[in-house]
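S.K.: Below you'll find query-v3.pdb; it's PDB, C-alpha atoms.
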ATOM      1  CA  HIS A   1       0.000   0.000   0.000
ATOM      2  CA  TRP A   2       2.545   2.564  -1.173
ATOM      3  CA  GLY A   3       1.351   6.095  -0.563
ATOM      4  CA  PRO A   4       2.289   9.658   0.332
ATOM      5  CA  ASP A   5       4.227  11.010   3.290
ATOM      6  CA  LEU A   6       1.219  12.666   4.938
ATOM      7  CA  PRO A   7       3.145  14.824   7.474
ATOM      8  CA  PHE A   8       5.111  16.339   4.559
ATOM      9  CA  TYR A   9       1.930  17.371   2.768
ATOM     10  CA  ASP A  10       0.252  18.488   5.994
ATOM     11  CA  HIS A  11       3.196  20.831   6.575
ATOM     12  CA  LEU A  12       2.847  22.120   3.017
ATOM     13  CA  LEU A  13      -0.881  22.780   3.476
ATOM     14  CA  ALA A  14      -0.280  24.483   6.828
ATOM     15  CA  GLU A  15       1.800  27.086   4.997
ATOM     16  CA  MET A  16      -1.241  27.931   2.843
ATOM     17  CA  PRO A  17      -4.078  28.632   5.311
ATOM     18  CA  ASP A  18      -5.906  30.992   2.952
ATOM     19  CA  ARG A  19      -5.730  28.863  -0.190
ATOM     20  CA  LYS A  20      -8.816  28.817  -2.405
ATOM     21  CA  PRO A  21      -8.421  25.908  -4.847
ATOM     22  CA  GLU A  22      -9.413  26.761  -8.388
ATOM     23  CA  GLY A  23      -8.760  25.321 -11.841
ATOM     24  CA  PHE A  24      -7.093  22.200 -13.207
ATOM     25  CA  ILE A  25      -3.440  21.187 -13.125
ATOM     26  CA  SER A  26      -1.293  18.533 -14.802
ATOM     27  CA  THR A  27       2.157  17.590 -13.522
ATOM     28  CA  GLY A  28       4.496  14.657 -14.116
ATOM     29  CA  LYS A  29       6.651  13.950 -17.119
ATOM     30  CA  GLU A  30       6.657  10.238 -17.821
ATOM     31  CA  ASN A  31       4.667   9.016 -20.853
ATOM     32  CA  ARG A  32       2.089  11.802 -20.722
ATOM     33  CA  ASP A  33      -0.512  12.121 -23.492
ATOM     34  CA  VAL A  34      -0.290  15.859 -24.086
ATOM     35  CA  ASP A  35      -2.125  15.588 -27.421
ATOM     36  CA  THR A  36      -5.332  14.293 -25.827
ATOM     37  CA  LEU A  37      -4.938  16.703 -22.915
ATOM     38  CA  LEU A  38      -4.604  19.825 -25.067
ATOM     39  CA  GLN A  39      -7.343  18.831 -27.490
ATOM     40  CA  SER A  40      -9.709  18.221 -24.576
ATOM     41  CA  PHE A  41      -9.048  21.423 -22.672
ATOM     42  CA  SER A  42      -9.040  23.487 -25.865
ATOM     43  CA  ALA A  43     -12.660  22.401 -26.341
ATOM     44  CA  THR A  44     -13.620  23.825 -22.931
ATOM     45  CA  ASN A  45     -13.130  27.205 -21.280
ATOM     46  CA  GLU A  46     -11.591  25.662 -18.179
ATOM     47  CA  GLU A  47      -8.251  26.876 -16.856
ATOM     48  CA  LEU A  48      -5.391  24.376 -17.126
ATOM     49  CA  ASP A  49      -1.855  24.769 -15.862
ATOM     50  CA  LEU A  50       0.371  22.174 -17.513
ATOM     51  CA  TYR A  51       3.725  21.600 -15.799
ATOM     52  CA  ILE A  52       5.954  19.268 -17.781
ATOM     53  CA  ALA A  53       9.573  18.642 -18.746
ATOM     54  CA  VAL A  54      10.839  19.756 -22.137
ATOM     55  CA  SER A  55      11.469  16.097 -22.871
ATOM     56  CA  CYS A  56      11.489  12.753 -21.090
ATOM     57  CA  GLY A  57      12.862   9.516 -22.494
ATOM     58  CA  ASN A  58      12.199   9.490 -26.216
ATOM     59  CA  ILE A  59       9.308  11.985 -26.028
ATOM     60  CA  ASN A  60      10.005  15.643 -26.802
ATOM     61  CA  TYR A  61       7.017  17.356 -25.216
ATOM     62  CA  LYS A  62       7.994  20.853 -26.315
ATOM     63  CA  LYS A  63       8.105  19.744 -29.928
ATOM     64  CA  ILE A  64       4.592  18.288 -29.616
ATOM     65  CA  LEU A  65       3.181  21.266 -27.721
ATOM     66  CA  ASP A  66       4.658  23.801 -30.135
ATOM     67  CA  ARG A  67       2.384  22.393 -32.847
ATOM     68  CA  TYR A  68      -0.676  23.677 -31.002
ATOM     69  CA  SER A  69      -2.199  27.123 -30.921
ATOM     70  CA  VAL A  70      -3.557  26.996 -27.391
ATOM     71  CA  PRO A  71      -6.294  29.246 -25.976
ATOM     72  CA  ASP A  72      -5.555  31.733 -23.196
ATOM     73  CA  SER A  73      -7.087  29.329 -20.671
ATOM     74  CA  ILE A  74      -4.175  26.883 -21.085
ATOM     75  CA  HIS A  75      -0.835  27.775 -19.497
ATOM     76  CA  ILE A  76       2.235  25.669 -20.298
ATOM     77  CA  HIS A  77       5.188  25.678 -17.885
ATOM     78  CA  TYR A  78       8.405  23.712 -18.439
ATOM     79  CA  THR A  79       9.603  22.254 -15.162
ATOM     80  CA  ASP A  80      13.344  21.814 -15.644
ATOM     81  CA  GLY A  81      14.827  23.103 -12.381
ATOM     82  CA  VAL A  82      11.506  23.403 -10.536
ATOM     83  CA  ILE A  83      11.732  22.334  -6.869
ATOM     84  CA  PRO A  84       9.217  19.536  -6.090
ATOM     85  CA  TYR A  85       8.114  21.257  -2.860
ATOM     86  CA  GLU A  86       7.242  24.435  -4.747
ATOM     87  CA  LEU A  87       5.434  22.410  -7.400
ATOM     88  CA  GLY A  88       3.452  20.716  -4.627
ATOM     89  CA  LYS A  89       2.282  24.130  -3.407
ATOM     90  CA  LEU A  90       1.122  24.993  -6.923
ATOM     91  CA  VAL A  91      -0.811  21.723  -7.085
ATOM     92  CA  ALA A  92      -2.441  22.441  -3.717
ATOM     93  CA  ARG A  93      -3.959  25.624  -5.131
ATOM     94  CA  LYS A  94      -5.942  23.713  -7.754
ATOM     95  CA  SER A  95      -9.357  22.073  -7.495
ATOM     96  CA  CYS A  96      -8.604  19.064  -9.736
ATOM     97  CA  ILE A  97      -5.512  17.151 -10.843
ATOM     98  CA  VAL A  98      -5.523  15.685 -14.355
ATOM     99  CA  ILE A  99      -3.363  12.664 -15.199
ATOM    100  CA  CYS A 100      -3.544  12.039 -18.942
ATOM    101  CA  CYS A 101      -1.170   9.208 -19.875
ATOM    102  CA  LEU A 102      -0.151   7.085 -22.817
ATOM    103  CA  ASP A 103      -1.014   3.390 -22.798
ATOM    104  CA  PHE A 104       1.959   1.609 -21.222
ATOM    105  CA  PRO A 105       1.795  -1.656 -19.225
ATOM    106  CA  TYR A 106       2.799  -0.223 -15.843
ATOM    107  CA  THR A 107       1.584   2.297 -13.274
ATOM    108  CA  VAL A 108       2.120   5.504 -15.267
ATOM    109  CA  GLY A 109       0.966   8.489 -13.215
ATOM    110  CA  LEU A 110       0.875   6.763  -9.830
ATOM    111  CA  THR A 111       3.128   9.304  -8.107
ATOM    112  CA  THR A 112       0.808  12.128  -9.147
ATOM    113  CA  LEU A 113      -2.197  10.111  -8.015
ATOM    114  CA  VAL A 114      -0.878   9.567  -4.487
ATOM    115  CA  GLU A 115      -0.040  13.266  -4.242
ATOM    116  CA  ALA A 116      -3.706  13.961  -4.983
ATOM    117  CA  PHE A 117      -4.617  11.634  -2.089
ATOM    118  CA  ALA A 118      -2.435  13.582   0.323
ATOM    119  CA  LEU A 119      -3.759  16.964  -0.758
ATOM    120  CA  GLY A 120      -7.384  15.849  -0.824
ATOM    121  CA  ILE A 121      -7.864  16.790  -4.477
ATOM    122  CA  PRO A 122     -10.027  14.863  -6.980
ATOM    123  CA  VAL A 123      -8.513  13.525 -10.195
ATOM    124  CA  ILE A 124      -9.385  12.912 -13.804
ATOM    125  CA  CYS A 125      -7.115  10.078 -14.872
ATOM    126  CA  SER A 126      -6.461   7.757 -17.788
ATOM    127  CA  ARG A 127      -8.010   4.369 -16.971
ATOM    128  CA  ASN A 128      -4.866   2.413 -16.120
ATOM    129  CA  PRO A 129      -5.638  -1.254 -15.277
ATOM    130  CA  ASN A 130      -2.285  -1.546 -13.499
ATOM    131  CA  PHE A 131      -3.353   0.715 -10.630
ATOM    132  CA  GLU A 132      -4.118  -1.087  -7.390
ATOM    133  CA  ILE A 133      -6.734   1.588  -6.681
ATOM    134  CA  ASP A 134     -10.097   1.718  -8.470
ATOM    135  CA  ILE A 135     -10.578   5.473  -8.842
ATOM    136  CA  ASP A 136     -14.221   5.255  -9.886
ATOM    137  CA  LYS A 137     -15.209   2.708  -7.247
ATOM    138  CA  GLU A 138     -13.501   4.670  -4.472
ATOM    139  CA  GLU A 139     -15.237   7.830  -5.742
ATOM    140  CA  ILE A 140     -12.053   9.888  -5.727
ATOM    141  CA  GLY A 141     -12.306  11.048  -9.320
ATOM    142  CA  ILE A 142     -13.187  10.078 -12.878
ATOM    143  CA  THR A 143     -11.288   7.757 -15.227
ATOM    144  CA  VAL A 144     -11.262   8.030 -19.011
ATOM    145  CA  GLU A 145     -10.180   5.506 -21.640
ATOM    146  CA  TYR A 146      -6.874   6.115 -23.415
ATOM    147  CA  ASN A 147      -7.013   8.554 -26.373
ATOM    148  CA  ASP A 148     -10.667   9.424 -25.652
ATOM    149  CA  VAL A 149     -10.838  13.179 -26.256
ATOM    150  CA  GLN A 150     -14.618  13.374 -25.880
ATOM    151  CA  GLY A 151     -14.436  11.356 -22.675
ATOM    152  CA  TRP A 152     -11.962  13.877 -21.301
ATOM    153  CA  ILE A 153     -14.125  16.812 -22.355
ATOM    154  CA  ASP A 154     -17.113  15.266 -20.572
ATOM    155  CA  ALA A 155     -15.097  14.582 -17.409
ATOM    156  CA  ILE A 156     -13.622  18.101 -17.321
ATOM    157  CA  ARG A 157     -17.045  19.667 -17.688
ATOM    158  CA  TYR A 158     -18.532  17.355 -15.062
ATOM    159  CA  ILE A 159     -15.942  18.330 -12.454
ATOM    160  CA  ALA A 160     -16.299  22.019 -13.323
ATOM    161  CA  ASP A 161     -20.100  21.898 -13.159
ATOM    162  CA  HIS A 162     -20.291  19.890  -9.913
ATOM    163  CA  PRO A 163     -17.919  21.582  -7.424
ATOM    164  CA  GLU A 164     -19.569  20.052  -4.357
ATOM    165  CA  GLU A 165     -19.225  16.531  -5.722
ATOM    166  CA  ALA A 166     -15.633  17.271  -6.729
ATOM    167  CA  ARG A 167     -14.948  18.430  -3.175
ATOM    168  CA  ARG A 168     -16.449  15.224  -1.821
ATOM    169  CA  MET A 169     -14.198  13.192  -4.143
ATOM    170  CA  GLY A 170     -11.214  15.063  -2.720
ATOM    171  CA  GLU A 171     -12.324  14.270   0.822
ATOM    172  CA  ASN A 172     -12.639  10.595  -0.126
ATOM    173  CA  ALA A 173      -9.109  10.687  -1.551
ATOM    174  CA  ARG A 174      -7.650  12.088   1.656
ATOM    175  CA  LYS A 175      -9.538   9.527   3.735
ATOM    176  CA  LEU A 176      -8.126   6.767   1.512
ATOM    177  CA  ALA A 177      -4.613   8.052   2.169
ATOM    178  CA  GLU A 178      -5.161   8.221   5.913
ATOM    179  CA  GLU A 179      -6.695   4.751   6.198
ATOM    180  CA  ARG A 180      -5.064   2.595   3.503
ATOM    181  CA  PHE A 181      -2.386   4.199   1.346
ATOM    182  CA  ASN A 182       0.395   6.168   3.020
ATOM    183  CA  LEU A 183       4.107   5.949   3.717
ATOM    184  CA  GLU A 184       3.672   4.825   7.334
ATOM    185  CA  ILE A 185       1.473   1.863   6.371
ATOM    186  CA  PHE A 186       3.781   0.982   3.476
ATOM    187  CA  SER A 187       6.880   1.078   5.701
ATOM    188  CA  ARG A 188       5.212  -1.167   8.268
ATOM    189  CA  GLU A 189       4.228  -3.672   5.568
ATOM    190  CA  ILE A 190       7.801  -3.748   4.248
ATOM    191  CA  ALA A 191       9.179  -4.299   7.757
ATOM    192  CA  GLU A 192       6.694  -7.112   8.425
ATOM    193  CA  SER A 193       7.553  -8.781   5.108
ATOM    194  CA  LEU A 194      11.290  -8.608   5.806
ATOM    195  CA  LEU A 195      10.757 -10.047   9.278
ATOM    196  CA  GLU A 196       8.699 -12.896   7.834
ATOM    197  CA  ILE A 197      11.394 -13.655   5.248
ATOM    198  CA  SER A 198      14.040 -13.572   7.983
ATOM    199  CA  ASN A 199      12.067 -16.012  10.140
ATOM    200  CA  ILE A 200      11.554 -18.411   7.227
ATOM    201  CA  SER A 201      15.251 -18.221   6.381
ATOM    202  CA  SER A 202      16.207 -18.986  10.004
ATOM    203  CA  LYS A 203      13.957 -22.042  10.122
ATOM    204  CA  ASN A 204      15.414 -23.416   6.901
ATOM    205  CA  ARG A 205      19.019 -22.827   7.883
ATOM    206  CA  THR A 206      21.136 -25.955   8.305
ATOM    207  CA  PHE A 207      24.439 -26.208  10.107
ATOM    208  CA  ALA A 208      27.279 -28.590   9.267
TER     209      ALA A 208
END
Give the structure from the file, written as structure tokens.

M.R.:
Amino acid sequence: HWGPDLPFYDHLLAEMPDRKPEGFISTGKENRDVDTLLQSFSATNEELDLYIAVSCGNINYKKILDRYSVPDSIHIHYTDGVIPYELGKLVARKSCIVICCLDFPYTVGLTTLVEAFALGIPVICSRNPNFEIDIDKEEIGITVEYNDVQGWIDAIRYIADHPEEARRMGENARKLAEERFNLEIFSREIAESLLEISNISSKNRTFA
């Protein structure tokens, strides 16, 4: 049950007592589907702040993004040199985190997802079957199939038009972090597993 370091994020939130979350934000750099993301938000009037690296692996995001003529509601920021703590404070000022990923057979976007848990912010996320968490079932956000622009448009508009439900999703996310997915629980599980392995090894040990 890997999850966020809750005291770290609680300290971050304590530094922002007057925050009024507003708008959408996308962070992360690994295998992000910026094409679907930009096409979707361009079809709405919703504010999006996109924080991303110039490139990651074999994907040059700047080259892709430069092909688009984006509306004034979309703000692109390249994150090379950005301090994670400061980025976390920017995320905390938003009302929804969007995690739009390419289809790869692993947990793309998981780090961003657990940050949303800690901050109590709902998500719109690509429907990744490799996640241990069922976002829709847990009611912490909305998932959308890969490459589904219309699905993203619908999800964006739903979150924007239902702020109370979005807030409830965020509360569910934080509760999930406190009860099931956080660094303290994960550390305890690792320690218990190592102890179990050690005990099994001791029992099987033979001496000449």

S.K.: Go through the shown structure with the PyMOL selection byres ((chain A and resi 83-86) around 12) and write out the matching residues as a compact mmCIF listing (two decimals) with C-alpha atoms, keeping the file's coordinate frame.

M.R.:
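File produced: selection.txt:
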# COMPACT_ATOMS: atom_id res chain seq x y z
CA PHE A 8 5.11 16.34 4.56
CA TYR A 9 1.93 17.37 2.77
CA HIS A 11 3.20 20.83 6.58
CA LEU A 12 2.85 22.12 3.02
CA LEU A 13 -0.88 22.78 3.48
CA GLU A 15 1.80 27.09 5.00
CA MET A 16 -1.24 27.93 2.84
CA THR A 27 2.16 17.59 -13.52
CA GLY A 28 4.50 14.66 -14.12
CA TYR A 51 3.72 21.60 -15.80
CA THR A 79 9.60 22.25 -15.16
CA ASP A 80 13.34 21.81 -15.64
CA GLY A 81 14.83 23.10 -12.38
CA VAL A 82 11.51 23.40 -10.54
CA LEU A 87 5.43 22.41 -7.40
CA GLY A 88 3.45 20.72 -4.63
CA LYS A 89 2.28 24.13 -3.41
CA LEU A 90 1.12 24.99 -6.92
CA VAL A 91 -0.81 21.72 -7.08
CA ALA A 92 -2.44 22.44 -3.72
CA ARG A 93 -3.96 25.62 -5.13
CA THR A 112 0.81 12.13 -9.15
CA GLU A 115 -0.04 13.27 -4.24

S.K.: Using all atoms listed in the file, can you tell me which of A:Ala14, A:Val149, A:Val70, A:Leu119 comes closest to Ser42 of chain A?

M.R.: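 Between A:Ala14, A:Val149, A:Val70, A:Leu119, the residue approaching Ser42 of chain A most closely is A:Val70.
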
S.K.: Please expand the PyMOL selection byres ((chain A and resi 170-178) around 9) into the concrete residues it hits in this file, giving the result as a PDB file with C-alpha atoms, in the frame of the given file.

M.R.:
ATOM      1  CA  GLY A   3       1.351   6.095  -0.563  1.00  0.00           C
ATOM      2  CA  PRO A   4       2.289   9.658   0.332  1.00  0.00           C
ATOM      3  CA  LEU A   6       1.219  12.666   4.938  1.00  0.00           C
ATOM      4  CA  SER A  95      -9.357  22.073  -7.495  1.00  0.00           C
ATOM      5  CA  CYS A  96      -8.604  19.064  -9.736  1.00  0.00           C
ATOM      6  CA  VAL A 114      -0.878   9.567  -4.487  1.00  0.00           C
ATOM      7  CA  ALA A 116      -3.706  13.961  -4.983  1.00  0.00           C
ATOM      8  CA  PHE A 117      -4.617  11.634  -2.089  1.00  0.00           C
ATOM      9  CA  ALA A 118      -2.435  13.582   0.323  1.00  0.00           C
ATOM     10  CA  LEU A 119      -3.759  16.964  -0.758  1.00  0.00           C
ATOM     11  CA  GLY A 120      -7.384  15.849  -0.824  1.00  0.00           C
ATOM     12  CA  ILE A 121      -7.864  16.790  -4.477  1.00  0.00           C
ATOM     13  CA  PRO A 122     -10.027  14.863  -6.980  1.00  0.00           C
ATOM     14  CA  VAL A 123      -8.513  13.525 -10.195  1.00  0.00           C
ATOM     15  CA  GLU A 138     -13.501   4.670  -4.472  1.00  0.00           C
ATOM     16  CA  GLU A 139     -15.237   7.830  -5.742  1.00  0.00           C
ATOM     17  CA  ILE A 140     -12.053   9.888  -5.727  1.00  0.00           C
ATOM     18  CA  GLY A 141     -12.306  11.048  -9.320  1.00  0.00           C
ATOM     19  CA  GLU A 165     -19.225  16.531  -5.722  1.00  0.00           C
ATOM     20  CA  ALA A 166     -15.633  17.271  -6.729  1.00  0.00           C
ATOM     21  CA  ARG A 167     -14.948  18.430  -3.175  1.00  0.00           C
ATOM     22  CA  ARG A 168     -16.449  15.224  -1.821  1.00  0.00           C
ATOM     23  CA  MET A 169     -14.198  13.192  -4.143  1.00  0.00           C
ATOM     24  CA  GLU A 179      -6.695   4.751   6.198  1.00  0.00           C
ATOM     25  CA  ARG A 180      -5.064   2.595   3.503  1.00  0.00           C
ATOM     26  CA  PHE A 181      -2.386   4.199   1.346  1.00  0.00           C
ATOM     27  CA  ASN A 182       0.395   6.168   3.020  1.00  0.00           C
TER      28      ASN A 182
END

S.K.: May I ask which of the residues A:Gly57, A:Ile74, A:Pro129, A:Val98 is the closest one to Ala155 of chain A, counting all atoms listed in the file?

M.R.: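 The closest residue to Ala155 of chain A is A:Val98.
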
S.K.: Excluding same-chain residues fewer than 3 positions from Ile156 of chain A, what lies within 9 Å of it counting only C-alpha atoms, as an mmCIF file with C-alpha atoms, in the coordinates of the input?

M.R.:
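The result, stored in around.cif:
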data_model
loop_
_atom_site.group_PDB
_atom_site.id
_atom_site.type_symbol
_atom_site.label_atom_id
_atom_site.label_comp_id
_atom_site.auth_asym_id
_atom_site.auth_seq_id
_atom_site.Cartn_x
_atom_site.Cartn_y
_atom_site.Cartn_z
ATOM 1 C CA PHE A 24 -7.093 22.200 -13.207
ATOM 2 C CA SER A 40 -9.709 18.221 -24.576
ATOM 3 C CA PHE A 41 -9.048 21.423 -22.672
ATOM 4 C CA THR A 44 -13.620 23.825 -22.931
ATOM 5 C CA GLU A 46 -11.591 25.662 -18.179
ATOM 6 C CA VAL A 98 -5.523 15.685 -14.355
ATOM 7 C CA ILE A 124 -9.385 12.912 -13.804
ATOM 8 C CA GLY A 151 -14.436 11.356 -22.675
ATOM 9 C CA TRP A 152 -11.962 13.877 -21.301
ATOM 10 C CA ILE A 153 -14.125 16.812 -22.355
ATOM 11 C CA ILE A 159 -15.942 18.330 -12.454
ATOM 12 C CA ALA A 160 -16.299 22.019 -13.323
ATOM 13 C CA ASP A 161 -20.100 21.898 -13.159
#

S.K.: From the options A:Leu113, A:Ile64, A:Val54, A:Ile76, which residue's atoms come nearest to Cys125 of chain A, counting all atoms listed in the file?

M.R.: A:Leu113

S.K.: How many Å lie between atom CA of Ile52 of chain A and atom CA of Ile25 of chain A, rounded to one decimal?

M.R.: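 Between atom CA of Ile52 of chain A and atom CA of Ile25 of chain A the gap works out to 10.7 Å.
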